[in-house]
$ cat target27.pdb   # PDB, C-alpha atoms
ATOM      1  CA  MET A 787      10.685  22.926 -11.326
ATOM      2  CA  ILE A 788       8.324  20.393  -9.745
ATOM      3  CA  THR A 789       5.231  19.766 -11.832
ATOM      4  CA  LEU A 790       1.929  18.944 -10.205
ATOM      5  CA  LEU A 791      -1.196  17.435 -11.728
ATOM      6  CA  LEU A 792      -4.252  16.286  -9.813
ATOM      7  CA  GLU A 793      -6.048  13.259 -11.232
ATOM      8  CA  ARG A 794      -8.854  11.130  -9.882
ATOM      9  CA  PRO A 795      -7.391   7.793  -8.826
ATOM     10  CA  ILE A 796      -8.860   4.723  -7.198
ATOM     11  CA  PRO A 797      -6.733   4.583  -4.071
ATOM     12  CA  LEU A 798      -4.921   1.795  -2.310
ATOM     13  CA  ALA A 799      -4.709   1.316   1.448
ATOM     14  CA  ALA A 800      -2.717  -0.884   3.747
ATOM     15  CA  ASP A 801      -2.604  -2.844   6.921
ATOM     16  CA  PRO A 802      -3.676  -1.192  10.190
ATOM     17  CA  LEU A 803      -1.421  -1.018  13.185
ATOM     18  CA  PRO A 804      -2.121  -2.569  16.520
ATOM     19  CA  ILE A 805      -3.403   0.302  18.606
ATOM     20  CA  GLU A 806      -0.317   0.383  20.845
ATOM     21  CA  GLU A 807       2.053   0.591  17.875
ATOM     22  CA  GLU A 808      -0.058   3.392  16.448
ATOM     23  CA  ALA A 809       0.315   5.274  19.711
ATOM     24  CA  GLU A 810       4.077   4.760  19.726
ATOM     25  CA  GLU A 811       4.299   6.170  16.247
ATOM     26  CA  MET A 812       2.278   9.256  17.061
ATOM     27  CA  GLU A 813       4.654  10.173  19.871
ATOM     28  CA  ASP A 814       7.355  11.058  17.371
ATOM     29  CA  PHE A 815       5.248  12.173  14.431
ATOM     30  CA  VAL A 816       6.813  14.154  11.600
ATOM     31  CA  TYR A 817       5.073  13.006   8.429
ATOM     32  CA  HIS A 818       6.141   9.471   7.715
ATOM     33  CA  GLN A 819       9.291   7.544   8.494
ATOM     34  CA  PRO A 820      10.288   5.521   5.426
ATOM     35  CA  VAL A 821      10.732   1.802   6.000
ATOM     36  CA  LEU A 822      13.756  -0.103   4.661
ATOM     37  CA  ALA A 823      15.005   3.050   2.895
ATOM     38  CA  ARG A 824      18.655   1.955   2.799
ATOM     39  CA  GLU A 825      17.725  -1.480   1.487
ATOM     40  CA  VAL A 826      15.450  -0.002  -1.178
ATOM     41  CA  VAL A 827      18.222   2.202  -2.554
ATOM     42  CA  THR A 828      20.744  -0.647  -2.462
ATOM     43  CA  LEU A 829      18.482  -3.120  -4.240
ATOM     44  CA  LEU A 830      17.049  -0.713  -6.815
ATOM     45  CA  ALA A 831      20.652   0.348  -7.490
ATOM     46  CA  PRO A 832      19.844   3.699  -9.135
ATOM     47  CA  LYS A 833      22.527   5.301 -11.284
ATOM     48  CA  SER A 834      23.022   8.977 -11.997
ATOM     49  CA  GLY A 835      20.304  10.067 -14.400
ATOM     50  CA  SER A 836      18.280   6.855 -14.214
ATOM     51  CA  LEU A 837      14.499   7.216 -13.973
ATOM     52  CA  ILE A 838      12.667   5.656 -11.026
ATOM     53  CA  VAL A 839       8.906   5.714 -10.405
ATOM     54  CA  ASP A 840       8.154   6.039  -6.696
ATOM     55  CA  ALA A 841       4.591   4.878  -7.084
ATOM     56  CA  THR A 842       3.587   5.627  -3.476
ATOM     57  CA  CYS A 843       5.679   8.637  -2.503
ATOM     58  CA  GLY A 844       3.836   9.306   0.783
ATOM     59  CA  GLY A 845       5.999  11.520   2.974
ATOM     60  CA  GLY A 846       8.772  11.545   0.391
ATOM     61  CA  GLY A 847      11.369   9.606   2.379
ATOM     62  CA  HIS A 848      12.073   6.986  -0.266
ATOM     63  CA  THR A 849      11.792   9.584  -3.027
ATOM     64  CA  GLU A 850      14.382  11.766  -1.315
ATOM     65  CA  ALA A 851      16.763   8.840  -0.820
ATOM     66  CA  LEU A 852      16.514   7.903  -4.507
ATOM     67  CA  LEU A 853      17.093  11.503  -5.579
ATOM     68  CA  GLU A 854      20.110  11.782  -3.301
ATOM     69  CA  ALA A 855      21.468   8.597  -4.900
ATOM     70  CA  GLY A 856      21.417  10.357  -8.283
ATOM     71  CA  ALA A 857      18.169   9.122  -9.821
ATOM     72  CA  ASN A 858      15.446  11.221 -11.384
ATOM     73  CA  VAL A 859      12.036  10.392  -9.921
ATOM     74  CA  VAL A 860       8.430  10.412 -11.070
ATOM     75  CA  ALA A 861       6.581  10.479  -7.740
ATOM     76  CA  LEU A 862       2.982   9.290  -7.606
ATOM     77  CA  ASP A 863       0.487   9.169  -4.771
ATOM     78  CA  GLN A 864      -3.274   8.864  -4.520
ATOM     79  CA  ASP A 865      -3.423  11.028  -1.397
ATOM     80  CA  PRO A 866      -3.552  14.767  -2.208
ATOM     81  CA  ASP A 867      -1.957  15.609   1.160
ATOM     82  CA  ALA A 868       1.077  13.506   0.244
ATOM     83  CA  VAL A 869       1.307  15.138  -3.186
ATOM     84  CA  ARG A 870       1.300  18.614  -1.667
ATOM     85  CA  HIS A 871       3.849  17.649   0.972
ATOM     86  CA  VAL A 872       6.312  16.075  -1.469
ATOM     87  CA  THR A 873       5.904  18.959  -3.912
ATOM     88  CA  GLU A 874       6.944  21.431  -1.226
ATOM     89  CA  HIS A 875       9.436  19.316   0.716
ATOM     90  CA  LEU A 876      11.486  18.198  -2.307
ATOM     91  CA  ALA A 877      11.283  21.380  -4.368
ATOM     92  CA  ARG A 878      15.071  21.796  -4.083
ATOM     93  CA  PHE A 879      15.566  18.925  -6.564
ATOM     94  CA  GLY A 880      13.975  20.999  -9.317
ATOM     95  CA  ARG A 881      13.387  19.248 -12.630
ATOM     96  CA  ARG A 882      14.772  15.950 -11.343
ATOM     97  CA  ILE A 883      11.409  15.214  -9.722
ATOM     98  CA  THR A 884       7.938  15.198 -11.236
ATOM     99  CA  VAL A 885       4.961  14.756  -8.923
ATOM    100  CA  ARG A 886       1.573  13.450 -10.008
ATOM    101  CA  HIS A 887      -1.619  12.722  -8.087
ATOM    102  CA  ALA A 888      -2.533   9.239  -9.269
ATOM    103  CA  ASN A 889      -2.956   5.698  -8.053
ATOM    104  CA  PHE A 890      -0.121   3.529  -9.353
ATOM    105  CA  ARG A 891      -2.605   1.380 -11.263
ATOM    106  CA  TYR A 892      -2.677   4.344 -13.669
ATOM    107  CA  ALA A 893       1.111   4.707 -13.892
ATOM    108  CA  ASP A 894       1.118   3.870 -17.600
ATOM    109  CA  LYS A 895      -1.310   6.737 -18.287
ATOM    110  CA  VAL A 896       0.856   9.186 -16.324
ATOM    111  CA  LEU A 897       4.018   8.054 -18.106
ATOM    112  CA  ASP A 898       2.294   8.364 -21.489
ATOM    113  CA  GLU A 899       1.254  11.935 -20.660
ATOM    114  CA  LEU A 900       4.857  12.702 -19.726
ATOM    115  CA  GLY A 901       6.152  11.171 -22.940
ATOM    116  CA  ILE A 902       8.090   8.498 -21.051
ATOM    117  CA  GLY A 903       8.378   5.069 -22.617
ATOM    118  CA  ALA A 904      10.604   2.989 -20.361
ATOM    119  CA  ILE A 905      11.806   3.355 -16.782
ATOM    120  CA  ASN A 906      14.799   2.031 -14.849
ATOM    121  CA  GLY A 907      12.969   1.132 -11.675
ATOM    122  CA  ALA A 908       9.778   1.290  -9.642
ATOM    123  CA  LEU A 909       8.960   1.255  -5.947
ATOM    124  CA  LEU A 910       5.634   0.450  -4.304
ATOM    125  CA  ASP A 911       5.474   1.077  -0.543
ATOM    126  CA  LEU A 912       2.055  -0.224   0.431
ATOM    127  CA  GLY A 913       2.065   1.031   4.004
ATOM    128  CA  VAL A 914      -0.333   3.553   5.495
ATOM    129  CA  SER A 915       1.463   6.764   6.441
ATOM    130  CA  SER A 916       1.817   8.290   9.889
ATOM    131  CA  ARG A 917       0.111  11.426   8.598
ATOM    132  CA  GLN A 918      -2.980   9.462   7.605
ATOM    133  CA  LEU A 919      -3.118   7.757  11.003
ATOM    134  CA  GLU A 920      -2.590  11.020  12.865
ATOM    135  CA  ASN A 921      -5.454  12.836  11.133
ATOM    136  CA  ALA A 922      -8.640  11.600  12.821
ATOM    137  CA  GLU A 923     -10.770  13.136  10.072
ATOM    138  CA  ARG A 924      -9.428  10.599   7.585
ATOM    139  CA  GLY A 925     -10.955   7.732   9.570
ATOM    140  CA  PHE A 926      -7.916   5.417   9.562
ATOM    141  CA  SER A 927      -7.180   5.477  13.275
ATOM    142  CA  LEU A 928      -8.305   3.095  15.982
ATOM    143  CA  LEU A 929      -6.926   5.548  18.540
ATOM    144  CA  ARG A 930      -8.705   8.751  17.520
ATOM    145  CA  ASN A 931     -12.399   9.119  16.797
ATOM    146  CA  GLY A 932     -13.341  10.339  13.366
ATOM    147  CA  PRO A 933     -15.770   9.739  10.526
ATOM    148  CA  LEU A 934     -15.899   6.225   9.047
ATOM    149  CA  ASP A 935     -14.097   7.310   5.908
ATOM    150  CA  MET A 936     -10.830   5.435   5.162
ATOM    151  CA  ARG A 937     -10.451   6.866   1.642
ATOM    152  CA  MET A 938      -6.915   7.494   0.447
ATOM    153  CA  ASP A 939      -8.381   9.890  -2.111
ATOM    154  CA  PRO A 940     -11.221  12.003  -0.681
ATOM    155  CA  ARG A 941     -12.941  12.055  -4.100
ATOM    156  CA  ASN A 942     -13.491   8.303  -4.066
ATOM    157  CA  PRO A 943     -17.283   7.899  -3.619
ATOM    158  CA  LEU A 944     -17.079   4.728  -1.494
ATOM    159  CA  THR A 945     -16.504   5.159   2.244
ATOM    160  CA  ALA A 946     -16.236   2.722   5.131
ATOM    161  CA  ALA A 947     -19.557   4.046   6.459
ATOM    162  CA  THR A 948     -21.290   3.009   3.240
ATOM    163  CA  ILE A 949     -19.891  -0.507   3.544
ATOM    164  CA  VAL A 950     -20.699  -0.916   7.236
ATOM    165  CA  ASN A 951     -24.236   0.419   6.925
ATOM    166  CA  GLU A 952     -25.294  -0.968   3.538
ATOM    167  CA  TYR A 953     -23.523  -4.284   2.920
ATOM    168  CA  SER A 954     -25.518  -7.387   3.824
ATOM    169  CA  ALA A 955     -24.455  -9.675   6.656
ATOM    170  CA  GLU A 956     -23.205 -12.171   4.076
ATOM    171  CA  GLN A 957     -21.163  -9.511   2.259
ATOM    172  CA  LEU A 958     -19.645  -8.241   5.500
ATOM    173  CA  THR A 959     -18.807 -11.758   6.650
ATOM    174  CA  ARG A 960     -17.026 -12.523   3.401
ATOM    175  CA  LEU A 961     -15.205  -9.195   3.474
ATOM    176  CA  PHE A 962     -13.957  -9.587   7.052
ATOM    177  CA  ARG A 963     -12.990 -13.204   6.466
ATOM    178  CA  GLU A 964     -11.209 -12.774   3.120
ATOM    179  CA  PHE A 965      -9.575  -9.355   3.482
ATOM    180  CA  GLY A 966      -9.231  -9.197   7.255
ATOM    181  CA  GLU A 967      -8.634 -12.899   7.893
ATOM    182  CA  GLU A 968     -10.908 -12.409  10.902
ATOM    183  CA  PRO A 969     -11.938 -15.693  12.615
ATOM    184  CA  ALA A 970     -15.041 -14.077  14.156
ATOM    185  CA  ALA A 971     -16.187 -12.543  10.874
ATOM    186  CA  ARG A 972     -19.754 -13.870  10.998
ATOM    187  CA  ARG A 973     -20.297 -12.877  14.630
ATOM    188  CA  ILE A 974     -19.006  -9.352  14.011
ATOM    189  CA  ALA A 975     -21.061  -8.943  10.840
ATOM    190  CA  SER A 976     -24.221 -10.091  12.600
ATOM    191  CA  LEU A 977     -23.723  -7.629  15.445
ATOM    192  CA  ILE A 978     -23.063  -4.744  13.039
ATOM    193  CA  VAL A 979     -26.238  -5.480  11.068
ATOM    194  CA  LYS A 980     -28.270  -5.692  14.289
ATOM    195  CA  MET A 981     -26.885  -2.478  15.790
ATOM    196  CA  ARG A 982     -27.106  -0.381  12.622
ATOM    197  CA  LYS A 983     -30.896  -0.855  12.459
ATOM    198  CA  THR A 984     -31.357   1.535  15.364
ATOM    199  CA  SER A 985     -28.145   3.583  15.105
ATOM    200  CA  PRO A 986     -26.098   3.616  11.852
ATOM    201  CA  PHE A 987     -22.336   3.645  12.272
ATOM    202  CA  ARG A 988     -20.819   7.012  11.338
ATOM    203  CA  GLU A 989     -17.613   7.182  13.412
ATOM    204  CA  THR A 990     -14.597   4.951  14.009
ATOM    205  CA  LEU A 991     -14.611   4.501  17.776
ATOM    206  CA  PRO A 992     -18.249   3.338  18.077
ATOM    207  CA  LEU A 993     -17.506   0.674  15.486
ATOM    208  CA  ALA A 994     -14.298  -0.365  17.238
ATOM    209  CA  ARG A 995     -16.155  -0.636  20.551
ATOM    210  CA  ALA A 996     -18.922  -2.709  18.961
ATOM    211  CA  ILE A 997     -16.351  -5.138  17.577
ATOM    212  CA  GLU A 998     -14.655  -5.362  20.960
ATOM    213  CA  LYS A 999     -18.051  -6.105  22.489
ATOM    214  CA  ALA A1000     -18.597  -8.901  19.988
ATOM    215  CA  VAL A1001     -15.275 -10.715  20.394
ATOM    216  CA  GLY A1002     -13.694  -9.420  23.609
ATOM    217  CA  ARG A1003     -10.124  -8.246  23.961
ATOM    218  CA  HIS A1004      -7.149 -10.555  24.307
ATOM    219  CA  GLY A1005      -3.567  -9.306  24.281
ATOM    220  CA  ARG A1006      -2.163  -6.034  22.956
ATOM    221  CA  ARG A1007      -3.716  -6.167  19.490
ATOM    222  CA  HIS A1008      -6.998  -4.294  19.256
ATOM    223  CA  PRO A1009      -9.834  -6.670  18.302
ATOM    224  CA  ALA A1010     -11.032  -4.323  15.555
ATOM    225  CA  THR A1011      -7.681  -4.251  13.750
ATOM    226  CA  GLN A1012      -8.473  -6.923  11.174
ATOM    227  CA  VAL A1013     -11.946  -5.558  10.446
ATOM    228  CA  PHE A1014     -10.530  -2.076   9.912
ATOM    229  CA  GLN A1015      -7.944  -3.604   7.585
ATOM    230  CA  ALA A1016     -10.677  -5.281   5.558
ATOM    231  CA  LEU A1017     -12.708  -2.083   5.318
ATOM    232  CA  ARG A1018      -9.703  -0.081   4.099
ATOM    233  CA  MET A1019      -8.899  -2.699   1.491
ATOM    234  CA  GLU A1020     -12.477  -2.688   0.206
ATOM    235  CA  VAL A1021     -12.824   1.109   0.197
ATOM    236  CA  ASN A1022      -9.623   1.554  -1.775
ATOM    237  CA  ASP A1023      -9.678  -1.604  -3.922
ATOM    238  CA  GLU A1024      -6.267  -2.458  -2.543
ATOM    239  CA  LEU A1025      -5.658  -5.839  -4.111
ATOM    240  CA  GLY A1026      -7.146  -4.870  -7.464
ATOM    241  CA  ALA A1027      -4.889  -1.831  -7.630
ATOM    242  CA  LEU A1028      -1.847  -3.869  -6.605
ATOM    243  CA  GLU A1029      -2.460  -6.504  -9.268
ATOM    244  CA  GLU A1030      -2.847  -3.877 -11.984
ATOM    245  CA  GLY A1031       0.015  -1.724 -10.730
ATOM    246  CA  LEU A1032       2.484  -4.611 -10.739
ATOM    247  CA  ARG A1033       1.527  -5.409 -14.300
ATOM    248  CA  VAL A1034       1.771  -1.893 -15.732
ATOM    249  CA  LEU A1035       4.978  -0.937 -13.917
ATOM    250  CA  THR A1036       6.770  -4.190 -14.773
ATOM    251  CA  ALA A1037       5.815  -3.738 -18.410
ATOM    252  CA  ARG A1038       7.533  -0.325 -18.416
ATOM    253  CA  LEU A1039      10.860  -1.554 -17.058
ATOM    254  CA  GLN A1040      13.898  -1.488 -19.296
ATOM    255  CA  THR A1041      16.035  -4.612 -19.416
ATOM    256  CA  GLY A1042      17.978  -4.629 -16.163
ATOM    257  CA  GLY A1043      15.455  -2.371 -14.441
ATOM    258  CA  ARG A1044      14.044  -3.419 -11.104
ATOM    259  CA  VAL A1045      10.715  -3.298  -9.288
ATOM    260  CA  ALA A1046      10.626  -3.253  -5.481
ATOM    261  CA  VAL A1047       7.555  -3.745  -3.296
ATOM    262  CA  ILE A1048       7.224  -3.197   0.446
ATOM    263  CA  SER A1049       4.135  -4.899   1.876
ATOM    264  CA  PHE A1050       2.765  -4.885   5.406
ATOM    265  CA  HIS A1051       0.285  -7.727   5.519
ATOM    266  CA  SER A1052       0.094 -11.278   4.250
ATOM    267  CA  LEU A1053      -2.476 -10.826   1.485
ATOM    268  CA  GLU A1054      -0.374  -8.213  -0.284
ATOM    269  CA  ASP A1055       2.859 -10.113   0.244
ATOM    270  CA  ARG A1056       1.344 -13.307  -1.175
ATOM    271  CA  MET A1057       0.165 -11.439  -4.252
ATOM    272  CA  VAL A1058       3.614  -9.921  -4.843
ATOM    273  CA  LYS A1059       5.325 -13.274  -4.255
ATOM    274  CA  SER A1060       2.989 -15.013  -6.715
ATOM    275  CA  PHE A1061       3.414 -12.312  -9.370
ATOM    276  CA  PHE A1062       7.203 -12.442  -9.162
ATOM    277  CA  ARG A1063       7.180 -16.244  -9.194
ATOM    278  CA  ASP A1064       4.841 -16.456 -12.172
ATOM    279  CA  HIS A1065       6.969 -13.987 -14.147
ATOM    280  CA  SER A1066      10.339 -15.519 -13.254
ATOM    281  CA  GLN A1067       9.739 -19.135 -14.386
ATOM    282  CA  GLU A1068      11.094 -19.690 -17.883
ATOM    283  CA  TRP A1069       9.341 -23.018 -18.365
ATOM    284  CA  LEU A1070       5.956 -24.332 -17.257
ATOM    285  CA  ASP A1071       5.089 -27.996 -16.849
ATOM    286  CA  ARG A1072       1.827 -29.767 -16.097
ATOM    287  CA  PRO A1073       1.087 -33.467 -15.761
ATOM    288  CA  GLU A1074      -1.256 -33.436 -18.754
ATOM    289  CA  TRP A1075       1.298 -31.821 -21.077
ATOM    290  CA  PRO A1076       3.573 -34.040 -23.169
ATOM    291  CA  GLU A1077       6.505 -31.695 -22.479
ATOM    292  CA  PRO A1078       7.249 -28.394 -20.713
ATOM    293  CA  GLN A1079       6.177 -25.215 -22.443
ATOM    294  CA  ARG A1080       7.736 -21.778 -22.531
ATOM    295  CA  ASN A1081       6.139 -19.347 -20.064
ATOM    296  CA  PRO A1082       4.611 -16.448 -22.061
ATOM    297  CA  ASP A1083       4.864 -14.190 -18.969
ATOM    298  CA  TYR A1084       8.558 -14.862 -18.380
ATOM    299  CA  ASP A1085      10.170 -11.424 -18.080
ATOM    300  CA  LEU A1086      11.622 -11.189 -14.556
ATOM    301  CA  LYS A1087      14.342 -12.672 -12.397
ATOM    302  CA  LEU A1088      14.206 -12.703  -8.634
ATOM    303  CA  ILE A1089      16.667 -10.334  -6.946
ATOM    304  CA  THR A1090      15.512 -11.323  -3.465
ATOM    305  CA  ALA A1091      14.864 -15.055  -3.100
ATOM    306  CA  LYS A1092      13.271 -14.332   0.286
ATOM    307  CA  PRO A1093      11.730 -11.086   1.510
ATOM    308  CA  VAL A1094      14.043  -8.569   3.149
ATOM    309  CA  GLU A1095      12.892  -7.533   6.611
ATOM    310  CA  PRO A1096      13.956  -4.549   8.740
ATOM    311  CA  ALA A1097      16.982  -4.998  10.965
ATOM    312  CA  PRO A1098      16.328  -5.129  14.720
ATOM    313  CA  GLU A1099      17.666  -1.574  15.064
ATOM    314  CA  GLU A1100      15.087  -0.234  12.610
ATOM    315  CA  GLN A1101      12.284  -2.176  14.257
ATOM    316  CA  ARG A1102      13.171  -0.640  17.611
ATOM    317  CA  ALA A1103      13.399   2.871  16.174
ATOM    318  CA  ASN A1104      10.242   2.507  14.071
ATOM    319  CA  PRO A1105       7.793  -0.067  15.519
ATOM    320  CA  ARG A1106       5.606   0.241  12.442
ATOM    321  CA  SER A1107       8.327  -1.405  10.360
ATOM    322  CA  ARG A1108       8.039  -4.731  12.187
ATOM    323  CA  SER A1109       5.679  -6.327   9.657
ATOM    324  CA  ALA A1110       7.380  -4.926   6.528
ATOM    325  CA  LYS A1111       8.601  -7.268   3.790
ATOM    326  CA  LEU A1112      10.578  -6.090   0.779
ATOM    327  CA  ARG A1113      10.661  -8.122  -2.440
ATOM    328  CA  VAL A1114      12.605  -7.117  -5.566
ATOM    329  CA  ALA A1115      12.674  -8.496  -9.100
ATOM    330  CA  GLY A1116      14.591  -7.416 -12.226
ATOM    331  CA  LYS A1117      13.559  -7.215 -15.887
ATOM    332  CA  ILE A1118      15.326  -9.677 -18.166
TER     333      ILE A1118
END

$ encode --input "target27.pdb" --output "structure tokens"
Amino acid sequence: MITLLLERPIPLAADPLPIEEEAEEMEDFVYHQPVLAREVVTLLAPKSGSLIVDATCGGGGHTEALLEAGANVVALDQDPDAVRHVTEHLARFGRRITVRHANFRYADKVLDELGIGAINGALLDLGVSSRQLENAERGFSLLRNGPLDMRMDPRNPLTAATIVNEYSAEQLTRLFREFGEEPAARRIASLIVKMRKTSPFRETLPLARAIEKAVGRHGRRHPATQVFQALRMEVNDELGALEEGLRVLTARLQTGGRVAVISFHSLEDRMVKSFFRDHSQEWLDRPEWPEPQRNPDYDLKLITAKPVEPAPEEQRANPRSRSAKLRVAGKI
């Protein structure tokens, strides 16, 4: 029997799609097409009866593949829609799956409540789901007008509207520059602050049009893409959750267990790469030290020396997969 518990997480969001890729995805919308599913199963190498935490179960595609490979799964997600969907869609697996509503930064709390000490594997798929993009009321879409929300968990008090209408020009500039890697961050922030004095921003399309007015449009990528990315990351504390989630899930791995992460933009991928590197170096050396010292964080080995990317066939079938990078490390 699938168990279900709703908790209040701090959510985690992901990279926005160029508007044309978003449109392509909506044409064949089901819930969410899992990215690199075959590679995930191969690299996590689940055995019959092993316990895997799918820390971002989303539409359940990766969860289902892991269950079909013989693993038992604890499925987490911060989005209540995803929790309901997976609970219903994968009910046939009975007691082999346990579903919890929680951000993966709280995975250790969930596992403690379940009486689980160690796990055999963990998966973090950091992508935004097709369902979230399709629902204009969630405020993720550049294609459909909706409220400036962008919360993965609707109970999170911070919304994109709060940020856009209350952050100072300096705060917005830093946010767009650091999280969105937006070259025109200052110009966009200045325009937002000027326009909101007479008409606060409440919906997605007026904001997207204002950004396009500020920087113009060049090529297929919508000019508001990077700003929307930055807003989602701030609303959902994306990088903070990722840093904490990597730490707590890695700590729970049994020797030989593996952690896999699928990222969709450079900031997340750099964080995962750095975490795996820092935990896979046995010795540390600095010029000021008389000799190398043992790394106190040494507890992983790299399974993928370079990130695994989708094959051309998958990229054609699922345009959203084009920016995906999969990294895997194993507990020593």

$ closest_atom_pairs --input "target27.pdb" --of "segment 1013-1073 of chain A" --to "segment 839-858 of chain A" --cutoff "10 Å" --atoms "all atoms listed in the file" --output "JSON lines"
{"residue": "A:Gly1031", "atom": "CA", "partner": "A:Ala841", "partner_atom": "CA", "distance": 8.8}
{"residue": "A:Leu1035", "atom": "CA", "partner": "A:Val839", "partner_atom": "CA", "distance": 8.5}
{"residue": "A:Val1045", "atom": "CA", "partner": "A:Val839", "partner_atom": "CA", "distance": 9.3}
{"residue": "A:Ala1046", "atom": "CA", "partner": "A:Asp840", "partner_atom": "CA", "distance": 9.7}
{"residue": "A:Val1047", "atom": "CA", "partner": "A:Ala841", "partner_atom": "CA", "distance": 9.9}

$ write_last_selection --input "target27.pdb" --atoms "C-alpha atoms" --output "PDB file, in the frame of the given file"
ATOM      1  CA  GLY A1031       0.015  -1.724 -10.730  1.00  0.00           C
ATOM      2  CA  LEU A1035       4.978  -0.937 -13.917  1.00  0.00           C
ATOM      3  CA  VAL A1045      10.715  -3.298  -9.288  1.00  0.00           C
ATOM      4  CA  ALA A1046      10.626  -3.253  -5.481  1.00  0.00           C
ATOM      5  CA  VAL A1047       7.555  -3.745  -3.296  1.00  0.00           C
TER       6      VAL A1047
END

$ closest_residue --input "target27.pdb" --among "A:Ser1049, A:Gln1101, A:Thr1036, A:Asn931" --to "Lys1087 of chain A" --atoms "all atoms listed in the file"
A:Thr1036

$ resolve_selection --input "target27.pdb" --expression "the PyMOL selection byres ((chain A and resi 877-886) around 10)" --output "tab-separated table (two decimals) with C-alpha atoms, in the frame of the given file"
chain	number	residue	atom	x	y	z
A	787	MET	CA	10.68	22.93	-11.33
A	788	ILE	CA	8.32	20.39	-9.74
A	789	THR	CA	5.23	19.77	-11.83
A	790	LEU	CA	1.93	18.94	-10.20
A	791	LEU	CA	-1.20	17.43	-11.73
A	792	LEU	CA	-4.25	16.29	-9.81
A	793	GLU	CA	-6.05	13.26	-11.23
A	835	GLY	CA	20.30	10.07	-14.40
A	837	LEU	CA	14.50	7.22	-13.97
A	838	ILE	CA	12.67	5.66	-11.03
A	839	VAL	CA	8.91	5.71	-10.40
A	840	ASP	CA	8.15	6.04	-6.70
A	841	ALA	CA	4.59	4.88	-7.08
A	843	CYS	CA	5.68	8.64	-2.50
A	849	THR	CA	11.79	9.58	-3.03
A	850	GLU	CA	14.38	11.77	-1.32
A	853	LEU	CA	17.09	11.50	-5.58
A	854	GLU	CA	20.11	11.78	-3.30
A	856	GLY	CA	21.42	10.36	-8.28
A	857	ALA	CA	18.17	9.12	-9.82
A	858	ASN	CA	15.45	11.22	-11.38
A	859	VAL	CA	12.04	10.39	-9.92
A	860	VAL	CA	8.43	10.41	-11.07
A	861	ALA	CA	6.58	10.48	-7.74
A	862	LEU	CA	2.98	9.29	-7.61
A	863	ASP	CA	0.49	9.17	-4.77
A	864	GLN	CA	-3.27	8.86	-4.52
A	866	PRO	CA	-3.55	14.77	-2.21
A	869	VAL	CA	1.31	15.14	-3.19
A	870	ARG	CA	1.30	18.61	-1.67
A	871	HIS	CA	3.85	17.65	0.97
A	872	VAL	CA	6.31	16.08	-1.47
A	873	THR	CA	5.90	18.96	-3.91
A	874	GLU	CA	6.94	21.43	-1.23
A	875	HIS	CA	9.44	19.32	0.72
A	876	LEU	CA	11.49	18.20	-2.31
A	887	HIS	CA	-1.62	12.72	-8.09
A	888	ALA	CA	-2.53	9.24	-9.27
A	889	ASN	CA	-2.96	5.70	-8.05
A	893	ALA	CA	1.11	4.71	-13.89
A	896	VAL	CA	0.86	9.19	-16.32
A	900	LEU	CA	4.86	12.70	-19.73

$ atom_distance --input "target27.pdb" --atom1 "atom CA of Ala994 of chain A" --atom2 "atom CA of Ala1010 of chain A"
5.4 Å

$ resolve_selection --input "target27.pdb" --expression "the PyMOL selection byres ((chain A and resi 946) around 8)" --output "list in words"
Leu934, Asp935, Met936, Arg937, Leu944, Thr945, Ala947, Thr948, Ile949, Val950, Leu1017, Arg1018 and Val1021 of chain A

$ resolve_selection --input "target27.pdb" --expression "the PyMOL selection byres ((chain A and resi 976-989) around 12)" --output "PyMOL selection string"
chain A and resi 922-936+945-960+962+970-975+990-1001+1013

$ residues_around --input "target27.pdb" --residues "Asp894 of chain A" --least-positions-apart "2" --cutoff "10 Å" --atoms "all atoms listed in the file" --output "number ranges by chain"
A: 890-892, 896-900, 902-904, 1031, 1033-1035, 1037-1038

$ atom_distance --input "target27.pdb" --atom1 "atom CA of Asn1022 of chain A" --atom2 "atom CA of Ser1052 of chain A"
17.2 Å

$ closest_residue --input "target27.pdb" --among "A:Pro820, A:Pro1009, A:Lys833, A:Ala1027" --to "Ala1103 of chain A" --atoms "all atoms listed in the file"
A:Pro820

$ atom_distance --input "target27.pdb" --atom1 "atom CA of Pro969 of chain A" --atom2 "atom CA of Pro1096 of chain A"
28.5 Å
